[in-house]
file protein_39.cif (mmCIF, C-alpha atoms)
data_upload
loop_
_atom_site.label_atom_id
_atom_site.label_comp_id
_atom_site.auth_asym_id
_atom_site.auth_seq_id
_atom_site.Cartn_x
_atom_site.Cartn_y
_atom_site.Cartn_z
CA MET T 1 0.00 0.00 0.00
CA SER T 2 1.47 3.34 -0.96
CA SER T 3 0.93 6.54 0.92
CA ALA T 4 1.36 10.19 0.10
CA SER T 5 2.21 12.96 2.48
CA SER T 6 1.66 16.70 2.41
CA GLU T 7 3.77 19.35 4.11
CA VAL T 8 1.73 21.21 6.69
CA PHE T 9 2.51 23.31 9.76
CA LEU T 10 1.69 23.24 13.46
CA ARG T 11 2.50 25.82 16.12
CA ASP T 12 4.89 24.70 18.85
CA GLY T 13 4.94 25.67 22.51
CA ALA T 14 7.04 28.76 21.73
CA GLY T 15 4.42 29.94 19.25
CA GLN T 16 6.55 29.21 16.17
CA LEU T 17 5.29 27.41 13.10
CA VAL T 18 6.98 24.04 12.65
CA LYS T 19 6.82 21.67 9.70
CA ALA T 20 4.67 18.57 9.99
CA GLU T 21 3.64 15.75 7.67
CA LEU T 22 0.09 14.82 6.83
CA HIS T 23 -0.25 11.20 5.64
CA ASP T 24 -3.20 9.91 3.67
CA THR T 25 -3.10 6.59 5.51
CA ILE T 26 -2.38 5.26 8.98
CA LEU T 27 0.92 3.36 9.07
CA GLN T 28 2.09 0.83 11.64
CA ARG T 29 4.36 3.40 13.27
CA HIS T 30 1.34 5.60 13.91
CA LEU T 31 -0.49 2.71 15.57
CA ASP T 32 2.66 1.93 17.56
CA ASP T 33 2.91 5.55 18.72
CA HIS T 34 -0.68 5.36 19.86
CA LYS T 35 -0.13 2.10 21.71
CA HIS T 36 3.19 2.90 23.33
CA GLN T 37 3.12 6.69 23.76
CA TRP T 38 -0.49 7.90 23.78
CA LYS T 39 -2.15 5.15 25.79
CA PRO T 40 0.15 5.25 28.84
CA LEU T 41 -0.36 9.01 29.13
CA ILE T 42 -4.11 8.69 28.68
CA ALA T 43 -4.24 5.92 31.28
CA ALA T 44 -2.17 8.04 33.68
CA GLN T 45 -4.72 10.81 33.46
CA SER T 46 -8.41 10.08 33.72
CA GLU T 47 -11.13 8.44 31.71
CA GLN T 48 -12.88 11.80 31.50
CA HIS T 49 -11.37 12.53 28.12
CA GLY T 50 -12.52 9.90 25.69
CA HIS T 51 -10.01 7.82 23.81
CA TRP T 52 -10.10 5.31 21.00
CA ASN T 53 -8.53 1.97 20.25
CA TRP T 54 -7.05 2.93 16.90
CA GLU T 55 -5.56 -0.45 16.12
CA TRP T 56 -8.94 -2.09 16.50
CA LYS T 57 -10.59 0.62 14.45
CA TRP T 58 -7.96 0.35 11.76
CA SER T 59 -8.47 -3.42 11.46
CA HIS T 60 -12.23 -2.98 11.45
CA PHE T 61 -12.50 -0.17 8.91
CA SER T 62 -9.51 -0.67 6.60
CA PRO T 63 -11.06 -3.49 4.53
CA GLN T 64 -14.00 -1.22 3.74
CA LEU T 65 -13.48 1.00 0.72
CA SER T 66 -15.71 3.79 2.01
CA TYR T 67 -13.26 4.64 4.79
CA GLN T 68 -10.09 6.66 4.52
CA PHE T 69 -7.38 7.32 7.06
CA VAL T 70 -5.24 10.30 7.96
CA ALA T 71 -2.26 10.61 10.30
CA LEU T 72 -0.42 13.78 11.30
CA GLU T 73 3.24 13.55 12.24
CA CYS T 74 5.58 16.15 13.68
CA ASN T 75 9.05 15.75 15.12
CA GLY T 76 8.93 11.99 14.53
CA GLN T 77 5.80 11.52 16.59
CA THR T 78 2.16 10.95 15.72
CA GLN T 79 0.23 14.07 16.71
CA GLY T 80 -3.24 13.23 15.46
CA LEU T 81 -5.29 10.49 13.79
CA MET T 82 -8.53 10.56 11.83
CA ILE T 83 -10.88 8.11 10.08
CA VAL T 84 -13.47 9.43 7.62
CA ASN T 85 -16.41 7.83 5.85
CA THR T 86 -16.94 9.04 2.30
CA ILE T 87 -20.50 7.83 1.67
CA LYS T 88 -22.58 9.61 4.34
CA ARG T 89 -25.19 12.25 3.48
CA CYS T 90 -25.91 15.79 4.63
CA ARG T 91 -28.56 16.82 7.15
CA ILE T 92 -28.64 20.62 6.80
CA GLN T 93 -31.79 21.59 4.90
CA GLN T 94 -30.01 23.53 2.15
CA GLN T 95 -27.81 20.52 1.26
CA ALA T 96 -29.97 17.66 2.56
CA ASN T 97 -29.10 14.21 1.16
CA LYS T 98 -26.07 15.44 -0.74
CA HIS T 99 -22.95 13.39 -0.07
CA LEU T 100 -20.37 14.59 2.43
CA VAL T 101 -17.25 13.29 4.10
CA TYR T 102 -18.13 12.24 7.63
CA VAL T 103 -15.40 12.32 10.28
CA GLU T 104 -15.95 9.08 12.17
CA TYR T 105 -13.08 9.54 14.61
CA LEU T 106 -10.60 12.31 15.26
CA GLU T 107 -8.14 12.44 18.13
CA ALA T 108 -5.11 14.53 19.04
CA ALA T 109 -2.17 13.09 20.97
CA PRO T 110 -2.67 13.49 24.72
CA TRP T 111 0.27 15.90 25.00
CA ASN T 112 -1.58 18.32 22.72
CA ARG T 113 -4.66 18.55 24.92
CA ARG T 114 -5.54 21.71 26.77
CA ASP T 115 -7.02 19.94 29.78
CA ILE T 116 -3.65 18.54 30.78
CA PRO T 117 -1.57 21.46 32.14
CA ASN T 118 1.91 22.09 30.74
CA TRP T 119 1.60 19.31 28.21
CA VAL T 120 0.68 21.22 25.09
CA ARG T 121 3.44 20.67 22.56
CA TYR T 122 1.64 21.57 19.35
CA LYS T 123 -1.39 23.63 18.47
CA GLY T 124 -3.37 23.24 15.28
CA VAL T 125 -3.77 19.45 15.12
CA GLY T 126 -7.56 19.70 14.84
CA THR T 127 -7.29 22.52 12.32
CA VAL T 128 -4.99 20.52 10.04
CA LEU T 129 -7.07 17.35 10.30
CA LEU T 130 -10.25 19.27 9.53
CA ALA T 131 -8.57 20.86 6.51
CA ALA T 132 -7.65 17.33 5.41
CA ALA T 133 -11.29 16.22 5.77
CA ILE T 134 -12.37 19.17 3.62
CA GLN T 135 -9.73 18.30 1.01
CA LEU T 136 -10.92 14.68 0.97
CA SER T 137 -14.46 15.97 0.47
CA ILE T 138 -13.30 18.09 -2.46
CA ASP T 139 -11.41 15.11 -3.89
CA GLU T 140 -14.59 13.02 -3.63
CA GLY T 141 -16.57 15.67 -5.49
CA ASN T 142 -18.45 16.76 -2.38
CA HIS T 143 -17.25 20.39 -2.56
CA GLY T 144 -15.87 20.47 0.98
CA ARG T 145 -19.04 19.33 2.74
CA ILE T 146 -18.17 17.49 5.97
CA GLY T 147 -19.97 16.34 9.11
CA LEU T 148 -19.04 14.95 12.52
CA HIS T 149 -20.21 14.24 16.07
CA SER T 150 -18.18 16.36 18.46
CA LEU T 151 -16.88 15.46 21.88
CA PRO T 152 -18.43 17.91 24.40
CA GLN T 153 -15.12 19.66 25.11
CA ALA T 154 -14.58 20.23 21.36
CA ASP T 155 -17.95 21.86 20.58
CA THR T 156 -16.54 25.40 20.67
CA PHE T 157 -13.74 24.44 18.28
CA TYR T 158 -16.09 23.22 15.56
CA ARG T 159 -18.69 25.95 16.13
CA ASP T 160 -16.57 29.05 16.82
CA LYS T 161 -13.20 28.28 15.30
CA CYS T 162 -14.28 26.30 12.24
CA GLY T 163 -17.65 27.93 11.58
CA MET T 164 -19.57 24.66 11.32
CA THR T 165 -23.33 24.55 11.80
CA ASP T 166 -24.42 23.06 15.14
CA LEU T 167 -27.43 20.77 14.67
CA GLY T 168 -27.61 19.94 18.39
CA PRO T 169 -27.37 16.72 20.41
CA ASP T 170 -28.01 13.59 18.37
CA ALA T 171 -29.47 10.82 20.54
CA SER T 172 -29.81 8.54 17.51
CA TYR T 173 -26.04 8.45 17.13
CA SER T 174 -25.27 7.23 20.63
CA PRO T 175 -28.11 7.14 23.20
CA LYS T 176 -25.66 6.84 26.10
CA MET T 177 -23.59 9.77 24.87
CA PRO T 178 -25.69 12.06 22.63
CA LEU T 179 -22.91 14.05 21.03
CA ARG T 180 -23.73 17.22 19.09
CA TYR T 181 -23.76 16.88 15.32
CA PHE T 182 -21.91 19.53 13.30
CA GLU T 183 -21.99 20.01 9.57
CA MET T 184 -20.01 22.23 7.21
CA THR T 185 -21.52 23.60 4.00
CA GLU T 186 -19.65 24.30 0.78
CA THR T 187 -19.56 28.00 1.66
CA GLN T 188 -18.27 27.34 5.16
CA ALA T 189 -15.62 24.98 3.79
CA ALA T 190 -14.46 27.56 1.26
CA ALA T 191 -14.21 30.16 4.03
CA PHE T 192 -12.20 27.75 6.18
CA ILE T 193 -9.53 26.82 3.66
CA HIS T 194 -9.15 30.26 2.07
CA MET Y 1 -5.30 13.36 -0.97
CA LYS Y 2 -2.80 16.17 -1.25
CA LEU Y 3 -3.26 19.19 0.99
CA GLN Y 4 -1.79 22.29 -0.60
CA LEU Y 5 -2.16 25.24 1.74
CA SER Y 6 0.34 28.08 2.04
CA LYS Y 7 2.41 28.71 5.13
CA GLU Y 8 0.49 31.95 5.50
CA TRP Y 9 -2.72 29.98 5.80
CA PHE Y 10 -1.36 28.12 8.82
CA GLU Y 11 0.07 31.37 10.22
CA ASN Y 12 -3.36 32.96 10.12
CA ARG Y 13 -5.46 29.94 10.97
CA ILE Y 14 -3.50 28.65 13.99
CA GLN Y 15 -3.23 31.47 16.49
CA PRO Y 16 -0.54 31.35 19.21
CA ASP Y 17 -3.07 32.11 21.92
CA GLU Y 18 -5.86 29.80 20.76
CA ASP Y 19 -7.08 27.31 23.30
CA PHE Y 20 -9.33 24.66 21.78
CA GLU Y 21 -9.90 20.99 22.46
CA VAL Y 22 -10.61 18.68 19.53
CA GLY Y 23 -12.10 15.22 19.18
CA ALA Y 24 -14.90 13.52 17.28
CA GLY Y 25 -16.73 10.21 17.51
CA VAL Y 26 -17.89 8.17 20.47
CA PRO Y 27 -14.89 7.03 22.53
CA THR Y 28 -13.84 3.41 22.55
CA ASP Y 29 -15.99 0.77 24.20
CA THR Y 30 -15.07 -2.13 26.39
CA GLN Y 31 -15.44 -4.62 23.55
CA GLU Y 32 -12.64 -2.97 21.67
CA CYS Y 33 -10.44 -3.03 24.77
CA ALA Y 34 -11.23 -6.71 25.33
CA ASN Y 35 -10.19 -7.45 21.77
CA ASP Y 36 -6.91 -5.60 22.05
CA THR Y 37 -4.61 -8.61 22.32
CA SER Y 38 -2.70 -8.02 19.12
CA GLY Y 39 1.06 -7.77 19.03
CA ASN Y 40 1.43 -10.16 21.96
CA GLU Y 41 1.64 -13.82 22.84
CA GLN Y 42 -1.71 -14.96 24.12
CA GLU Y 43 -1.11 -17.38 26.98
CA GLN Y 44 -4.76 -18.27 27.49
CA MET Y 45 -5.66 -19.71 24.12
CA THR Y 46 -8.23 -22.38 23.33
CA ASP Y 47 -7.32 -25.37 21.19
CA GLU Y 48 -9.42 -23.91 18.39
CA GLU Y 49 -7.67 -20.54 18.56
CA PHE Y 50 -4.32 -22.29 18.65
CA ALA Y 51 -5.20 -24.29 15.53
CA GLU Y 52 -6.30 -21.13 13.74
CA THR Y 53 -3.18 -19.11 14.47
CA LEU Y 54 -1.07 -22.16 13.62
CA ALA Y 55 -2.91 -22.44 10.29
CA PHE Y 56 -2.48 -18.69 9.72
CA GLY Y 57 1.28 -18.84 10.33
CA THR Y 58 1.64 -21.94 8.18
CA LEU Y 59 -0.36 -20.37 5.37
CA ILE Y 60 1.81 -17.24 5.39
CA GLN Y 61 4.96 -19.34 5.37
CA PHE Y 62 3.68 -21.51 2.51
CA MET Y 63 2.68 -18.48 0.47
CA ARG Y 64 6.09 -16.93 1.07
CA ARG Y 65 7.98 -20.08 0.17
CA ASP Y 66 5.80 -20.65 -2.86
CA ARG Y 67 6.95 -17.26 -4.13
CA ARG Y 68 10.55 -18.07 -3.18
CA LEU Y 69 10.84 -15.11 -0.85
CA SER Y 70 12.99 -14.86 2.24
CA VAL Y 71 11.42 -13.54 5.42
CA GLU Y 72 13.28 -10.26 4.88
CA GLN Y 73 12.06 -9.99 1.29
CA LEU Y 74 8.46 -10.59 2.34
CA ALA Y 75 8.78 -8.08 5.19
CA SER Y 76 10.08 -5.47 2.78
CA ALA Y 77 7.53 -6.17 0.06
CA ALA Y 78 4.53 -6.28 2.42
CA ARG Y 79 5.86 -3.48 4.64
CA VAL Y 80 5.71 -5.57 7.80
CA ASP Y 81 8.47 -5.85 10.40
CA VAL Y 82 10.79 -8.86 9.97
CA ALA Y 83 10.27 -9.77 13.63
CA GLU Y 84 6.52 -9.75 13.11
CA ILE Y 85 6.79 -12.17 10.16
CA VAL Y 86 9.01 -14.49 12.20
CA LYS Y 87 6.53 -14.49 15.10
CA ILE Y 88 3.59 -15.08 12.75
CA GLU Y 89 5.30 -18.03 11.07
CA PHE Y 90 6.84 -19.69 14.10
CA ASP Y 91 4.80 -18.75 17.18
CA PRO Y 92 1.25 -20.14 17.09
CA LYS Y 93 0.38 -18.25 20.28
CA TYR Y 94 1.25 -14.93 18.70
CA VAL Y 95 -1.68 -12.71 17.78
CA PRO Y 96 -0.42 -10.38 15.03
CA HIS Y 97 -1.05 -6.69 14.60
CA PRO Y 98 -4.23 -6.10 12.53
CA ARG Y 99 -2.29 -3.92 10.14
CA SER Y 100 0.21 -6.73 9.50
CA VAL Y 101 -2.64 -9.10 8.63
CA HIS Y 102 -4.05 -6.45 6.32
CA GLN Y 103 -0.69 -5.91 4.64
CA LEU Y 104 -0.10 -9.65 4.17
CA ALA Y 105 -3.63 -10.18 2.85
CA THR Y 106 -3.08 -7.37 0.35
CA PHE Y 107 0.32 -8.65 -0.72
CA PHE Y 108 -0.78 -12.27 -1.16
CA GLU Y 109 -4.23 -11.26 -2.47
CA LEU Y 110 -5.96 -13.21 0.29
CA PRO Y 111 -9.45 -12.39 1.65
CA GLN Y 112 -8.92 -9.89 4.47
CA ARG Y 113 -11.87 -10.57 6.72
CA ALA Y 114 -11.33 -14.32 6.70
CA LEU Y 115 -7.65 -13.79 7.42
CA LEU Y 116 -8.41 -11.46 10.34
CA LYS Y 117 -10.63 -14.17 11.83
CA LEU Y 118 -8.05 -16.88 11.19
CA SER Y 119 -5.29 -14.88 12.89
CA ASN Y 120 -7.51 -14.29 15.94
CA VAL Y 121 -7.29 -10.53 15.54
CA THR Y 122 -11.08 -10.44 15.55
CA MET Y 123 -13.14 -12.45 17.99
CA VAL Y 124 -15.71 -13.50 15.39
CA HIS Y 125 -15.38 -17.12 14.37
CA ASN Y 126 -17.27 -19.90 12.69
CA ASN Y 127 -16.97 -23.66 12.97
CA GLN Y 128 -16.40 -24.23 9.26
CA LEU Y 129 -13.33 -22.00 9.33
CA ARG Y 130 -12.05 -23.75 12.45
CA ASP Y 131 -12.51 -27.21 10.94
CA ALA Y 132 -10.71 -26.15 7.77
CA ALA Y 133 -7.91 -24.59 9.83
CA TYR Y 134 -7.54 -27.86 11.79
CA ARG Y 135 -7.28 -29.88 8.60
CA PHE Y 136 -4.83 -27.50 6.98
CA ALA Y 137 -2.61 -27.29 10.08
CA ALA Y 138 -2.69 -31.06 10.60
CA ASN Y 139 -1.67 -31.82 7.02
CA SER Y 140 1.16 -29.32 6.83
CA SER Y 141 4.73 -29.40 7.92
CA LYS Y 142 7.11 -26.50 7.73
CA ILE Y 143 9.95 -27.90 5.64
CA ALA Y 144 12.21 -26.37 3.04
CA GLU Y 145 10.32 -27.00 -0.17
CA LEU Y 146 6.60 -27.14 -0.69
CA SER Y 147 5.61 -30.62 -1.68
CA HIS Y 148 2.89 -31.23 -4.24
CA GLU Y 149 0.53 -32.21 -1.41
CA GLU Y 150 1.34 -29.06 0.56
CA ARG Y 151 0.71 -26.90 -2.46
CA VAL Y 152 -2.63 -28.62 -3.07
CA ALA Y 153 -3.55 -28.18 0.60
CA MET Y 154 -2.58 -24.51 0.48
CA THR Y 155 -4.56 -23.89 -2.71
CA GLU Y 156 -7.65 -25.59 -1.32
CA PHE Y 157 -7.40 -23.66 1.95
CA VAL Y 158 -7.04 -20.34 0.14
CA GLU Y 159 -10.07 -21.16 -2.00
CA PHE Y 160 -12.02 -21.98 1.16
CA LEU Y 161 -10.99 -18.69 2.80
CA GLY Y 162 -12.41 -16.90 -0.21
CA THR Y 163 -15.83 -18.32 0.67
CA GLN Y 164 -15.55 -17.05 4.26
CA ASP Y 165 -14.79 -13.40 3.56
CA ASP Y 166 -18.02 -11.98 4.93
CA ASP Y 167 -18.99 -10.14 8.10
#
call {"tool": "encode", "arguments": {"input": "protein_39.cif", "output": "structure tokens"}}
result
Amino acid sequence: MSSASSEVFLRDGAGQLVKAELHDTILQRHLDDHKHQWKPLIAAQSEQHGHWNWEWKWSHFSPQLSYQFVALECNGQTQGLMIVNTIKRCRIQQQANKHLVYVEYLEAAPWNRRDIPNWVRYKGVGTVLLAAAIQLSIDEGNHGRIGLHSLPQADTFYRDKCGMTDLGPDASYSPKMPLRYFEMTETQAAAFIH
Amino acid sequence: MKLQLSKEWFENRIQPDEDFEVGAGVPTDTQECANDTSGNEQEQMTDEEFAETLAFGTLIQFMRRDRRLSVEQLASAARVDVAEIVKIEFDPKYVPHPRSVHQLATFFELPQRALLKLSNVTMVHNNQLRDAAYRFAANSSKIAELSHEERVAMTEFVEFLGTQDDD
């Protein structure tokens, strides 16, 4: 399996832009980083911040052609991971039933989280991954339309920072954890990446 | 996917003083955690699981030998660690990384879902697959050259796996 990477930038703890690599697949080293570097830190903190078993997800979703994978690397470490589904449909009235790219899972490395004091190494992981989702949507002919269910602590990022439309809690997605559903229109996507 | 955004875009879009959390999708469930045995030897293994991983390792070794590849050549071609190939071929208690199974399935053009079940990466099984794995493992020996009988057994087993590649 071949993979391509794009040069992107993150902002380090000193506020400087630093080069990073965006991969259009998840490689074994990314799964290893998650297993050996992310998980111990996550376990050392609390269960309050959700986490994902990426190796299991990779094995489950990779045989299915409708899923695509993205990994973000900086300084030799995996900084963020994302799985998207390319055959979901829109919910916003003005684009109802049109295809979009749906972000199934998105996670930043634990050392990039704001809720863990003094750990933030890089800012912009979510921004870069969302830009990648928009690009995938454009590549699929969906004009940048994307959707996702946000973790509660990330609602302000998608609503205020990214300009996505908040369609409210979605009990049909997960009754035990009715996350808010956000969707981005073509216009919002164009505003985000320009 | 190729992302082509200017450095200025990142300069403007990622502010030094921004303070946002990110994350999407329902966090992992206990089932996923329970299934997370890959990349390790599994001490507590049933006879059926043992037969399946033995059959998986034997199948990979047969396919490799049939193509006259060394372990290193296969590791390079399939983009799997050499140590992982060695464990898969010689340690029937080893549960491989899902990605390795995927890579090997892709390289050898084997059905992925059936191979994930056979390698015990997924906990979904069926009795037909287990019976076939028993037969294949019992009729195989890991020697230098594939005999005619071993090649026939391998071909039949691969054809059977192709019928098991469903959910």
call {"tool": "resolve_selection", "arguments": {"input": "protein_39.cif", "expression": "the PyMOL selection byres ((chain T and resi 19) around 6)", "output": "list in words"}}
result
Val8, Phe9, Val18 and Ala20 of chain T
call {"tool": "interface_residues", "arguments": {"input": "protein_39.cif", "of": "chain Y", "to": "chain T", "cutoff": "6 Å", "atoms": "only C-alpha atoms", "output": "PDB file with C-alpha atoms, keeping the file's coordinate frame"}}
result
ATOM      1  CA  LYS Y   2      -2.800  16.170  -1.250  1.00  0.00           C
ATOM      2  CA  LEU Y   3      -3.260  19.190   0.990  1.00  0.00           C
ATOM      3  CA  ILE Y  14      -3.500  28.650  13.990  1.00  0.00           C
ATOM      4  CA  PRO Y  16      -0.540  31.350  19.210  1.00  0.00           C
ATOM      5  CA  PHE Y  20      -9.330  24.660  21.780  1.00  0.00           C
ATOM      6  CA  GLU Y  21      -9.900  20.990  22.460  1.00  0.00           C
ATOM      7  CA  VAL Y  22     -10.610  18.680  19.530  1.00  0.00           C
ATOM      8  CA  GLY Y  23     -12.100  15.220  19.180  1.00  0.00           C
ATOM      9  CA  ALA Y  24     -14.900  13.520  17.280  1.00  0.00           C
ATOM     10  CA  GLY Y  25     -16.730  10.210  17.510  1.00  0.00           C
ATOM     11  CA  PRO Y  27     -14.890   7.030  22.530  1.00  0.00           C
ATOM     12  CA  THR Y  28     -13.840   3.410  22.550  1.00  0.00           C
ATOM     13  CA  PRO Y  98      -4.230  -6.100  12.530  1.00  0.00           C
TER      14      PRO Y  98
END
call {"tool": "atom_distance", "arguments": {"input": "protein_39.cif", "atom1": "CA of Leu110 (chain Y)", "atom2": "CA of Lys88 (chain T)"}}
result
28.5 Å
call {"tool": "atom_distance", "arguments": {"input": "protein_39.cif", "atom1": "CA of Phe10 (chain Y)", "atom2": "CA of Gly163 (chain T)"}}
result
16.5 Å
call {"tool": "closest_residue", "arguments": {"input": "protein_39.cif", "among": "T:Tyr122, T:Tyr102, T:Arg29, T:Thr185", "to": "Asp81 (chain Y)", "atoms": "all atoms listed in the file"}}
result
T:Arg29
call {"tool": "atom_distance", "arguments": {"input": "protein_39.cif", "atom1": "CA of Ala132 (chain Y)", "atom2": "CA of Ala153 (chain Y)"}}
result
10.3 Å
call {"tool": "residues_around", "arguments": {"input": "protein_39.cif", "residues": "region 69-80 of chain Y", "least_positions_apart": "2", "cutoff": "9 Å", "atoms": "all atoms listed in the file", "output": "list in words"}}
result
Met1 and Gln28 of chain T; Gln61, Met63, Arg64, Arg65, Asp66, Arg67, Val82, Ala83, Glu84, Ile85, Val86, Arg99, Ser100, Gln103, Leu104, Thr106, Phe107 and Phe108 of chain Y
call {"tool": "resolve_selection", "arguments": {"input": "protein_39.cif", "expression": "the PyMOL selection byres ((chain Y and resi 111) around 12)", "output": "count of residues only"}}
result
29
